[in-house]
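*Asks:* My structure is stored as protein-v6.txt, with compact mmCIF, C-alpha atoms.
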# COMPACT_ATOMS: atom_id res chain seq x y z
CA MET A 1 147.67 -69.50 270.43
CA LYS A 2 148.01 -70.37 274.10
CA PRO A 3 150.72 -68.46 276.03
CA ARG A 4 152.52 -71.71 276.73
CA SER A 5 152.60 -72.59 273.02
CA ARG A 6 153.77 -69.08 272.20
CA CYS A 7 156.65 -69.38 274.69
CA GLY A 8 157.59 -72.72 273.16
CA LEU A 9 157.61 -71.23 269.67
CA VAL A 10 159.79 -68.29 270.77
CA LEU A 11 162.18 -70.68 272.51
CA LEU A 12 162.35 -72.88 269.41
CA LEU A 13 163.10 -69.89 267.18
CA CYS A 14 165.80 -68.71 269.59
CA VAL A 15 167.46 -72.13 269.56
CA MET A 16 167.22 -72.39 265.77
CA SER A 17 168.61 -68.92 265.17
CA SER A 18 171.34 -68.96 267.82
CA GLY A 19 173.84 -70.40 265.32
CA LEU A 20 172.94 -67.75 262.77
CA LEU A 21 173.24 -64.83 265.15
CA ALA A 22 176.65 -65.82 266.45
CA GLU A 23 179.43 -63.89 264.75
CA THR A 24 181.37 -66.21 262.45
CA PRO A 25 184.88 -64.91 261.65
CA VAL A 26 185.53 -64.56 257.93
CA VAL A 27 188.94 -65.39 256.47
CA ARG A 28 189.73 -64.62 252.83
CA ILE A 29 191.83 -66.83 250.58
CA ASP A 30 192.66 -66.11 246.95
CA ILE A 31 193.66 -68.60 244.28
CA ARG A 32 195.98 -67.01 241.73
CA ASP A 33 198.23 -68.76 239.19
CA HIS A 34 197.26 -72.08 240.86
CA LEU A 35 198.59 -70.94 244.24
CA PHE A 36 196.78 -70.13 247.47
CA TYR A 37 197.24 -66.64 248.97
CA PRO A 38 197.93 -66.77 251.83
CA ALA A 39 199.33 -70.27 251.89
CA GLU A 40 199.30 -70.21 255.68
CA VAL A 41 195.85 -69.32 256.97
CA LEU A 42 195.60 -68.32 260.61
CA VAL A 43 192.24 -68.99 262.27
CA PRO A 44 191.09 -68.86 265.88
CA ALA A 45 191.04 -72.26 267.57
CA ASN A 46 187.78 -73.78 268.80
CA THR A 47 185.74 -71.39 266.64
CA LYS A 48 183.74 -71.97 263.50
CA VAL A 49 185.30 -69.98 260.63
CA LYS A 50 183.94 -68.96 257.24
CA LEU A 51 186.53 -69.18 254.48
CA LEU A 52 185.79 -66.92 251.55
CA VAL A 53 187.77 -68.46 248.72
CA THR A 54 188.09 -66.44 245.51
CA ASN A 55 189.44 -68.17 242.44
CA LEU A 56 191.08 -65.48 240.30
CA ASP A 57 192.25 -68.01 237.71
CA PRO A 58 190.08 -68.65 234.65
CA THR A 59 190.08 -72.41 235.35
CA PRO A 60 188.25 -74.23 238.17
CA GLU A 61 189.98 -75.41 241.31
CA GLU A 62 188.96 -77.77 244.08
CA PHE A 63 189.76 -76.86 247.66
CA GLU A 64 190.30 -80.16 249.43
CA SER A 65 191.47 -81.30 252.83
CA TYR A 66 190.97 -84.63 254.53
CA GLU A 67 192.10 -83.12 257.82
CA LEU A 68 189.46 -80.39 257.58
CA ASN A 69 186.93 -82.80 256.08
CA ARG A 70 186.15 -80.38 253.28
CA GLU A 71 185.97 -80.61 249.50
CA LYS A 72 184.64 -77.81 247.33
CA VAL A 73 184.97 -76.94 243.65
CA ILE A 74 185.34 -73.25 242.83
CA LEU A 75 184.77 -72.29 239.22
CA GLY A 76 187.17 -69.92 237.45
CA ASN A 77 186.69 -66.24 238.36
CA SER A 78 184.25 -67.24 241.08
CA ARG A 79 183.92 -67.26 244.83
CA ALA A 80 182.88 -69.97 247.28
CA ILE A 81 182.17 -70.16 250.98
CA ILE A 82 183.62 -73.00 253.05
CA PHE A 83 182.81 -73.39 256.74
CA ILE A 84 185.49 -75.06 258.85
CA GLY A 85 185.86 -75.87 262.52
CA PRO A 86 185.62 -75.48 265.39
CA LEU A 87 189.21 -76.71 265.22
CA ALA A 88 191.50 -77.77 268.04
CA PRO A 89 194.85 -75.91 268.01
CA GLY A 90 197.03 -77.39 265.30
CA GLU A 91 197.88 -77.45 261.61
CA TYR A 92 195.53 -78.70 258.90
CA PRO A 93 196.91 -79.03 255.37
CA PHE A 94 194.76 -78.34 252.32
CA PHE A 95 195.41 -78.41 248.59
CA GLY A 96 193.92 -77.66 245.20
CA GLU A 97 193.02 -80.99 243.68
CA PHE A 98 193.21 -79.75 240.09
CA ASN A 99 196.74 -78.39 240.59
CA MET A 100 198.18 -80.46 243.40
CA SER A 101 201.82 -79.78 242.57
CA THR A 102 201.48 -76.04 243.24
CA ALA A 103 198.27 -75.33 245.12
CA GLN A 104 199.16 -76.22 248.70
CA GLY A 105 198.32 -74.54 251.97
CA THR A 106 197.86 -74.98 255.69
CA VAL A 107 195.22 -73.78 258.10
CA ILE A 108 196.81 -72.97 261.44
CA ALA A 109 194.40 -72.88 264.35
CA LYS A 110 195.71 -70.93 267.37
CA MET B 1 198.26 -81.10 265.89
CA TYR B 2 195.74 -82.85 263.76
CA HIS B 3 195.97 -86.09 265.70
CA GLN B 4 195.18 -84.26 268.92
CA ARG B 5 191.83 -83.44 267.38
CA ARG B 6 190.80 -87.05 267.30
CA ARG B 7 188.50 -87.67 270.21
CA LEU B 8 186.26 -90.64 270.75
CA ILE B 9 182.74 -89.46 271.42
CA ALA B 10 181.06 -92.81 271.27
CA PRO B 11 178.05 -91.97 273.47
CA ALA B 12 177.11 -89.04 271.28
CA ALA B 13 177.77 -91.03 268.15
CA GLY B 14 175.39 -93.73 269.30
CA MET B 15 172.52 -91.24 269.40
CA LEU B 16 172.02 -91.54 265.67
CA PHE B 17 171.30 -95.24 265.93
CA VAL B 18 169.02 -94.81 268.92
CA GLN B 19 167.11 -92.21 266.92
CA GLY B 20 166.80 -94.65 264.07
CA TRP B 21 165.41 -97.37 266.29
CA LEU B 22 162.91 -94.99 267.88
CA LEU B 23 161.57 -93.58 264.64
CA SER B 24 161.54 -96.66 262.51
CA PRO B 25 159.44 -99.25 264.33
CA GLY B 26 156.19 -99.43 262.46
CA ALA B 27 157.98 -98.34 259.36
CA ALA B 28 157.25 -100.51 256.39
CA ALA B 29 159.33 -101.16 253.33
CA ASP B 30 159.08 -104.12 251.06
CA GLY B 31 162.15 -105.87 249.81
CA ILE B 32 165.71 -105.50 250.93
CA THR B 33 166.71 -101.96 251.68
CA ILE B 34 170.35 -102.72 252.44
CA ASP B 35 172.23 -100.61 249.95
CA ARG B 36 174.09 -97.43 250.70
CA VAL B 37 173.77 -94.68 253.30
CA TYR B 38 173.87 -91.37 251.49
CA ASP B 39 175.57 -88.14 252.54
CA PRO B 40 173.90 -84.85 251.60
CA TYR B 41 176.77 -83.38 249.56
CA VAL B 42 177.05 -82.52 245.88
CA GLN B 43 180.31 -81.57 244.18
CA LEU B 44 180.25 -79.21 241.25
CA LEU B 45 181.65 -80.65 237.96
CA GLU B 46 181.77 -84.17 239.40
CA LYS B 47 181.09 -87.20 237.22
CA GLU B 48 180.97 -90.72 238.55
CA ILE B 49 180.52 -94.32 237.59
CA GLU B 50 179.24 -96.46 240.40
CA TYR B 51 178.93 -100.20 240.96
CA ARG B 52 177.15 -101.78 243.91
CA LEU B 53 176.98 -105.46 244.74
CA LEU B 54 174.81 -107.04 247.39
CA HIS B 55 175.26 -110.73 248.07
CA VAL B 56 172.44 -112.06 250.22
CA ASP B 57 173.50 -115.16 252.11
CA ASP B 58 170.72 -116.83 254.07
CA ALA B 59 172.31 -119.86 255.68
CA GLY B 60 170.42 -123.10 255.42
CA THR B 61 168.10 -121.92 252.64
CA ASP B 62 168.14 -121.71 248.86
CA ASN B 63 167.36 -118.01 248.96
CA ASP B 64 170.87 -116.72 248.29
CA PHE B 65 171.08 -114.18 245.48
CA GLN B 66 173.11 -111.27 244.19
CA ARG B 67 171.94 -107.81 243.26
CA HIS B 68 174.13 -105.68 240.96
CA ARG B 69 173.67 -101.96 240.35
CA LEU B 70 175.53 -99.88 237.83
CA GLY B 71 175.14 -96.12 237.92
CA ILE B 72 176.34 -93.10 235.96
CA GLY B 73 176.07 -89.71 237.62
CA HIS B 74 176.82 -86.07 237.00
CA SER B 75 176.41 -82.95 239.09
CA LEU B 76 174.06 -80.39 237.56
CA SER B 77 175.13 -77.50 239.81
CA ASP B 78 176.83 -77.04 243.18
CA ARG B 79 173.59 -78.21 244.86
CA LEU B 80 172.05 -80.74 242.43
CA ALA B 81 173.30 -84.07 241.09
CA ALA B 82 171.59 -86.69 238.93
CA GLU B 83 172.34 -90.38 238.50
CA VAL B 84 170.87 -93.18 236.39
CA TYR B 85 171.07 -96.82 237.54
CA LEU B 86 170.50 -100.20 236.00
CA THR B 87 169.83 -102.96 238.52
CA GLY B 88 170.24 -106.66 237.80
CA LEU B 89 169.49 -109.80 239.79
CA ASP B 90 171.32 -113.09 239.87
CA LEU B 91 168.83 -115.50 241.41
CA PRO B 92 169.50 -119.16 242.23
CA GLY B 93 168.59 -121.45 239.36
CA SER B 94 168.09 -118.68 236.83
CA ARG B 95 170.17 -116.50 234.55
CA PHE B 96 171.25 -112.98 235.43
CA SER B 97 168.53 -110.56 234.40
CA ALA B 98 167.95 -106.82 234.38
CA GLU B 99 165.48 -105.92 237.11
CA ALA B 100 164.93 -102.18 237.14
CA VAL B 101 165.97 -98.78 235.83
CA GLU B 102 166.19 -95.88 238.23
CA VAL B 103 166.68 -92.12 238.04
CA GLU B 104 167.94 -90.29 241.11
CA LEU B 105 168.23 -86.61 241.96
CA LYS B 106 170.16 -85.39 245.00
CA TRP B 107 169.63 -81.90 246.36
CA GLN B 108 172.10 -80.48 248.87
CA LEU B 109 170.09 -78.16 251.11
CA THR B 110 172.73 -76.67 253.41
CA GLU B 111 176.36 -75.70 253.13
CA GLN B 112 178.66 -78.24 254.76
CA GLY B 113 179.48 -77.21 258.32
CA GLU B 114 177.34 -74.05 258.35
CA PHE B 115 174.80 -75.43 260.82
CA ASN B 116 174.87 -78.13 263.47
CA ASN B 117 173.64 -80.66 260.93
CA ASP B 118 173.99 -80.86 257.16
CA TRP B 119 170.84 -81.69 255.19
CA GLY B 120 169.88 -82.96 251.78
CA LEU B 121 167.03 -84.59 249.89
CA LEU B 122 167.08 -87.53 247.54
CA PHE B 123 164.37 -88.22 244.96
CA GLU B 124 164.29 -91.61 243.23
CA LEU B 125 162.01 -92.98 240.54
CA GLU B 126 162.33 -96.65 239.63
CA ARG B 127 160.61 -98.84 237.07
CA GLU B 128 160.87 -102.59 236.79
CA VAL B 129 162.12 -103.77 233.42
CA GLU B 130 159.70 -106.63 232.80
CA ARG B 131 156.60 -105.39 234.61
CA ASN B 132 154.81 -102.08 234.72
CA VAL B 133 155.69 -101.52 238.37
CA TRP B 134 156.92 -98.18 239.63
CA GLU B 135 158.36 -96.87 242.88
CA TYR B 136 158.90 -93.26 243.88
CA ARG B 137 160.98 -92.53 246.95
CA THR B 138 161.89 -89.36 248.81
CA THR B 139 164.70 -89.54 251.34
CA VAL B 140 165.68 -86.96 253.93
CA ILE B 141 169.43 -87.07 254.46
CA GLY B 142 170.96 -85.76 257.67
CA LEU B 143 174.60 -85.68 258.70
CA HIS B 144 176.30 -84.66 261.91
CA GLU B 145 180.00 -84.38 262.75
CA TRP B 146 181.35 -85.18 266.19
CA SER B 147 185.02 -84.40 265.68
CA GLN B 148 186.30 -87.49 263.84
CA TRP B 149 182.96 -89.30 264.03
CA ILE B 150 180.47 -88.78 261.21
CA GLY B 151 176.85 -89.82 261.66
CA LYS B 152 174.56 -90.15 258.62
CA ALA B 153 170.83 -90.84 258.71
CA ASN B 154 168.52 -91.50 255.75
CA PHE B 155 164.74 -91.48 256.34
CA SER B 156 162.77 -92.65 253.30
CA LEU B 157 159.14 -92.50 252.29
CA ALA B 158 158.21 -94.46 249.17
CA TYR B 159 155.11 -95.26 247.16
CA GLU B 160 154.91 -98.35 244.98
CA TRP B 161 152.27 -98.90 242.31
CA GLY B 162 151.63 -100.85 239.12
CA GLU B 163 150.42 -104.17 237.84
CA GLY B 164 150.41 -107.10 240.20
CA VAL B 165 151.50 -105.16 243.27
CA HIS B 166 149.59 -103.88 246.25
CA ASN B 167 149.86 -100.09 245.99
CA GLU B 168 151.31 -98.92 249.27
CA TRP B 169 153.36 -96.40 251.16
CA GLU B 170 156.63 -97.63 252.61
CA THR B 171 159.15 -96.13 255.01
CA ALA B 172 162.71 -97.07 255.83
CA PHE B 173 165.70 -95.94 257.84
CA ALA B 174 169.38 -96.35 257.08
CA GLY B 175 172.14 -95.01 259.31
CA GLN B 176 175.89 -95.06 259.38
CA MET B 177 178.38 -94.10 262.07
CA ARG B 178 181.88 -93.71 260.63
CA TYR B 179 185.23 -92.96 262.23
CA ARG B 180 187.62 -90.86 260.14
CA TYR B 181 190.80 -92.75 260.91
CA LEU B 182 192.68 -92.44 257.61
CA GLN B 183 191.55 -91.33 254.18
CA GLY B 184 192.17 -94.83 252.86
CA PHE B 185 190.63 -96.66 255.80
CA GLU B 186 187.57 -95.63 257.76
CA PRO B 187 185.63 -98.16 259.85
CA ALA B 188 181.89 -97.74 260.18
CA LEU B 189 178.77 -99.37 261.54
CA GLU B 190 175.55 -99.43 259.54
CA LEU B 191 171.95 -100.00 260.57
CA TYR B 192 168.98 -100.70 258.30
CA VAL B 193 165.38 -100.82 259.50
CA ALA B 194 162.32 -101.44 257.33
CA GLN B 195 159.41 -103.87 257.20
CA GLN B 196 161.38 -106.66 255.54
CA THR B 197 164.82 -105.65 256.79
CA LYS B 198 166.43 -105.25 260.16
CA GLY B 199 170.18 -105.42 259.91
CA LEU B 200 173.31 -104.16 261.59
CA GLY B 201 176.92 -104.67 260.67
CA PRO B 202 180.45 -103.38 260.16
CA VAL B 203 181.59 -101.59 257.04
CA LEU B 204 185.00 -100.39 255.89
CA THR B 205 185.30 -97.42 253.58
CA GLY B 206 188.14 -95.50 252.00
CA ILE B 207 189.31 -93.35 249.12
CA ALA B 208 192.11 -94.27 246.74
CA ARG B 209 193.59 -91.39 244.74
CA LEU B 210 194.31 -92.43 241.18
CA GLY B 211 196.10 -89.27 240.09
CA GLY B 212 194.78 -85.93 238.95
CA MET B 213 191.05 -85.61 239.48
CA HIS B 214 190.47 -89.36 239.54
CA LYS B 215 189.35 -91.04 242.76
CA LEU B 216 187.98 -94.41 243.74
CA LYS B 217 185.71 -94.47 246.76
CA TRP B 218 185.25 -98.00 248.04
CA GLU B 219 183.03 -99.53 250.69
CA ILE B 220 182.84 -103.14 251.80
CA GLY B 221 180.91 -104.70 254.65
CA VAL B 222 178.48 -107.23 255.94
CA ILE B 223 175.08 -106.49 257.44
CA PHE B 224 173.81 -109.21 259.74
CA GLY B 225 170.09 -109.88 259.92
CA LEU B 226 168.48 -109.05 263.25
CA ASP B 227 165.19 -110.82 262.63
CA ASP B 228 163.79 -113.83 260.78
CA LYS B 229 162.80 -111.79 257.72
CA THR B 230 166.34 -110.56 257.08
CA ALA B 231 169.00 -112.86 255.65
CA ASP B 232 171.75 -113.90 258.04
CA ALA B 233 174.49 -112.10 256.16
CA ASN B 234 174.22 -109.40 253.51
CA TRP B 235 177.62 -108.75 251.94
CA LYS B 236 177.94 -105.39 250.25
CA LEU B 237 180.55 -103.86 247.99
CA ASN B 238 180.29 -100.33 246.60
CA LEU B 239 182.80 -98.87 244.15
CA ASP B 240 182.47 -95.25 243.14
CA TYR B 241 184.86 -93.94 240.50
CA GLU B 242 184.86 -90.15 240.38
CA PHE B 243 186.46 -88.11 237.65
Could you write out this file's structure as structure tokens?
*Replies:*
Amino acid sequence: MKPRSRCGLVLLLCVMSSGLLAETPVVRIDIRDHLFYPAEVLVPANTKVKLLVTNLDPTPEEFESYELNREKVILGNSRAIIFIGPLAPGEYPFFGEFNMSTAQGTVIAK
Amino acid sequence: MYHQRRRLIAPAAGMLFVQGWLLSPGAAADGITIDRVYDPYVQLLEKEIEYRLLHVDDAGTDNDFQRHRLGIGHSLSDRLAAEVYLTGLDLPGSRFSAEAVEVELKWQLTEQGEFNNDWGLLFELEREVERNVWEYRTTVIGLHEWSQWIGKANFSLAYEWGEGVHNEWETAFAGQMRYRYLQGFEPALELYVAQQTKGLGPVLTGIARLGGMHKLKWEIGVIFGLDDKTADANWKLNLDYEF
């Protein structure tokens, strides 16, 4: 491989992996008795965040939010990862679609 | 607040369409490819019944017709979903007839929002009802978010074979740029480029919640032909009932 090609390949790999190497904050949310814990989720503004949502109920739940543009089903006694952001400072409501009357929460980006 | 997040990034949003124009010239796809622009996502436990109507209105000719598609789909896992379609044609001067049966498999490759773009693959196998003619299509689905703007691009490679047809490879591009204004009302612009189709037009989409886990996703629009091969107006209606 020519040195120029090698440099190009290294640069390409750096660009491709830059998103993976960056530290993504992890925020944990539990679903228990069809409620979100915590119901108010604080996340850093203007930063991509990894939500680790654990459904402790035996039944499935769907994490949904139009404001966050996310929709994800989490089976009973299972865990799911949801990436959100980067978010401008503000409040972003979310809910559990299978139990909308109780499962409500808000992501607060500060 | 949420509304402060809404920023218009039109120049960046337009990149998707420019990309489509650059990659698609020379692409070849028989027939009308105006249909639906796919996103790469699969929802676990989701079932859906889908209806698509395309009314092709070529002013000043007798070529107007309607294409109807009815689909039933089910997710197989959190990354795979399958759907079966029956397509019918309502041609001028003839009765409505079944045209083709299709099986589709969607594979979500990346987690939504994890990388700069979200990716998926779509595999489709179609057989005409009355002739032994087959088409296999693979589509690469890409999606990018620019704040409230969502850009979707579908690049397809298809192979058609069977009796009475010229076996050939075909390519096509479909793109959509959508603004997330309200859940029940999102304006979009769609572009279709293939050998027999070059069209651009406005589309409105939205979601109506029907209680519980029931949702109706709707999409209505008109794609205007940009060349002589494409009909002047292609009216489309897509209804997707999810439960």
*Asks:* Quick one: contact table of chain A to chain B, 7 Å max, nearest atom pair and distance in Å to one decimal per residue, counting only C-alpha atoms, chain and number order, as CSV?
*Replies:*
residue,atom,partner,partner_atom,distance
A:Gly19,CA,B:Phe115,CA,6.8
A:Tyr66,CA,B:Gln183,CA,6.7
A:Glu67,CA,B:Tyr2,CA,7.0
A:Lys72,CA,B:Gln43,CA,6.5
A:Val73,CA,B:Leu44,CA,5.8
A:Phe83,CA,B:Gly113,CA,5.3
A:Ile84,CA,B:Gly113,CA,6.4
A:Ala88,CA,B:Arg5,CA,5.7
A:Pro89,CA,B:Met1,CA,6.6
A:Gly90,CA,B:Met1,CA,4.0
A:Glu91,CA,B:Met1,CA,5.6
A:Tyr92,CA,B:Tyr2,CA,6.4
A:Glu97,CA,B:Met213,CA,6.5
A:Phe98,CA,B:Met213,CA,6.3
*Asks:* Mind writing the picked residues with C-alpha atoms as a PDB file, in the coordinates of the input?
*Replies:*
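Once everything was written out, this is out-v5.pdb:
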ATOM      1  CA  GLY A  19     173.840 -70.400 265.320  1.00  0.00           C
ATOM      2  CA  TYR A  66     190.970 -84.630 254.530  1.00  0.00           C
ATOM      3  CA  GLU A  67     192.100 -83.120 257.820  1.00  0.00           C
ATOM      4  CA  LYS A  72     184.640 -77.810 247.330  1.00  0.00           C
ATOM      5  CA  VAL A  73     184.970 -76.940 243.650  1.00  0.00           C
ATOM      6  CA  PHE A  83     182.810 -73.390 256.740  1.00  0.00           C
ATOM      7  CA  ILE A  84     185.490 -75.060 258.850  1.00  0.00           C
ATOM      8  CA  ALA A  88     191.500 -77.770 268.040  1.00  0.00           C
ATOM      9  CA  PRO A  89     194.850 -75.910 268.010  1.00  0.00           C
ATOM     10  CA  GLY A  90     197.030 -77.390 265.300  1.00  0.00           C
ATOM     11  CA  GLU A  91     197.880 -77.450 261.610  1.00  0.00           C
ATOM     12  CA  TYR A  92     195.530 -78.700 258.900  1.00  0.00           C
ATOM     13  CA  GLU A  97     193.020 -80.990 243.680  1.00  0.00           C
ATOM     14  CA  PHE A  98     193.210 -79.750 240.090  1.00  0.00           C
TER      15      PHE A  98
END
*Asks:* Using all atoms listed in the file, pick whichever of B:Arg131, B:Lys229, B:Lys47, B:Lys236 has the shortest atom-to-atom distance to Leu204 in chain B.
*Replies:*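 Of all the options, B:Lys236 lies closest to Leu204 in chain B.
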*Asks:* Fewer than 4 positions away in the same chain doesn't count, so skip those; otherwise give me all residues within 9 Å of Leu68 in chain A, counting only C-alpha atoms, as a list of chain:residue names.
*Replies:*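 Contacts, with the query itself left out: A:Glu64, A:Ile84, A:Gly85, A:Leu87, A:Tyr92, A:Pro93, A:Phe94, A:Val107.
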*Asks:* Please report, as lines of an AutoDock Vina configuration file, the centre and edge lengths in Å to one decimal of an axis-aligned box covering all listed atoms of range 101-108 of chain A with 5 Å per side.
*Replies:*
center_x = 198.5
center_y = -76.4
center_z = 252.0
size_x = 16.6
size_y = 16.8
size_z = 28.9
*Asks:* Which residue, A:Ala80, A:Thr102, A:Ala109, A:Thr24, has the smallest gap to Leu52 in chain A when you use only C-alpha atoms?
*Replies:*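 Distance minimum relative to Leu52 in chain A lands on A:Ala80.
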*Asks:* By how many Å are CA of Tyr85 in chain B and CA of Ser97 in chain B apart?
*Replies:* 14.3 Å
*Asks:* Can you measure CA of Glu135 in chain B to CA of Tyr159 in chain B for me? One decimal in Å is fine.
*Replies:* 5.6 Å
*Asks:* Could you pull the residues within 9 Å of Leu51 in chain A, counting only C-alpha atoms, minus those fewer than 6 positions along the same chain, as a compact mmCIF listing (two decimals) with C-alpha atoms, in the frame of the given file?
*Replies:*
# COMPACT_ATOMS: atom_id res chain seq x y z
CA PRO A 25 184.88 -64.91 261.65
CA VAL A 26 185.53 -64.56 257.93
CA VAL A 27 188.94 -65.39 256.47
CA ARG A 28 189.73 -64.62 252.83
CA ILE A 29 191.83 -66.83 250.58
CA ALA A 80 182.88 -69.97 247.28
CA ILE A 81 182.17 -70.16 250.98
CA ILE A 82 183.62 -73.00 253.05
CA PHE A 83 182.81 -73.39 256.74
CA ILE A 84 185.49 -75.06 258.85
*Asks:* Which protein, DNA or RNA residues are at most 7 Å from (184.0, -100.5, 250.5) in the file's coordinates when you count all atoms listed in the file, listed as a list in words?
*Replies:* Leu204, Thr205, Gly206, Trp218, Glu219, Ile220, Gly221, Leu237, Asn238 and Leu239 of chain B
*Asks:* Can I get the selected residues back with C-alpha atoms, as a PDB file, keeping the file's coordinate frame?
*Replies:*
ATOM      1  CA  LEU B 204     185.000-100.390 255.890  1.00  0.00           C
ATOM      2  CA  THR B 205     185.300 -97.420 253.580  1.00  0.00           C
ATOM      3  CA  GLY B 206     188.140 -95.500 252.000  1.00  0.00           C
ATOM      4  CA  TRP B 218     185.250 -98.000 248.040  1.00  0.00           C
ATOM      5  CA  GLU B 219     183.030 -99.530 250.690  1.00  0.00           C
ATOM      6  CA  ILE B 220     182.840-103.140 251.800  1.00  0.00           C
ATOM      7  CA  GLY B 221     180.910-104.700 254.650  1.00  0.00           C
ATOM      8  CA  LEU B 237     180.550-103.860 247.990  1.00  0.00           C
ATOM      9  CA  ASN B 238     180.290-100.330 246.600  1.00  0.00           C
ATOM     10  CA  LEU B 239     182.800 -98.870 244.150  1.00  0.00           C
TER      11      LEU B 239
END
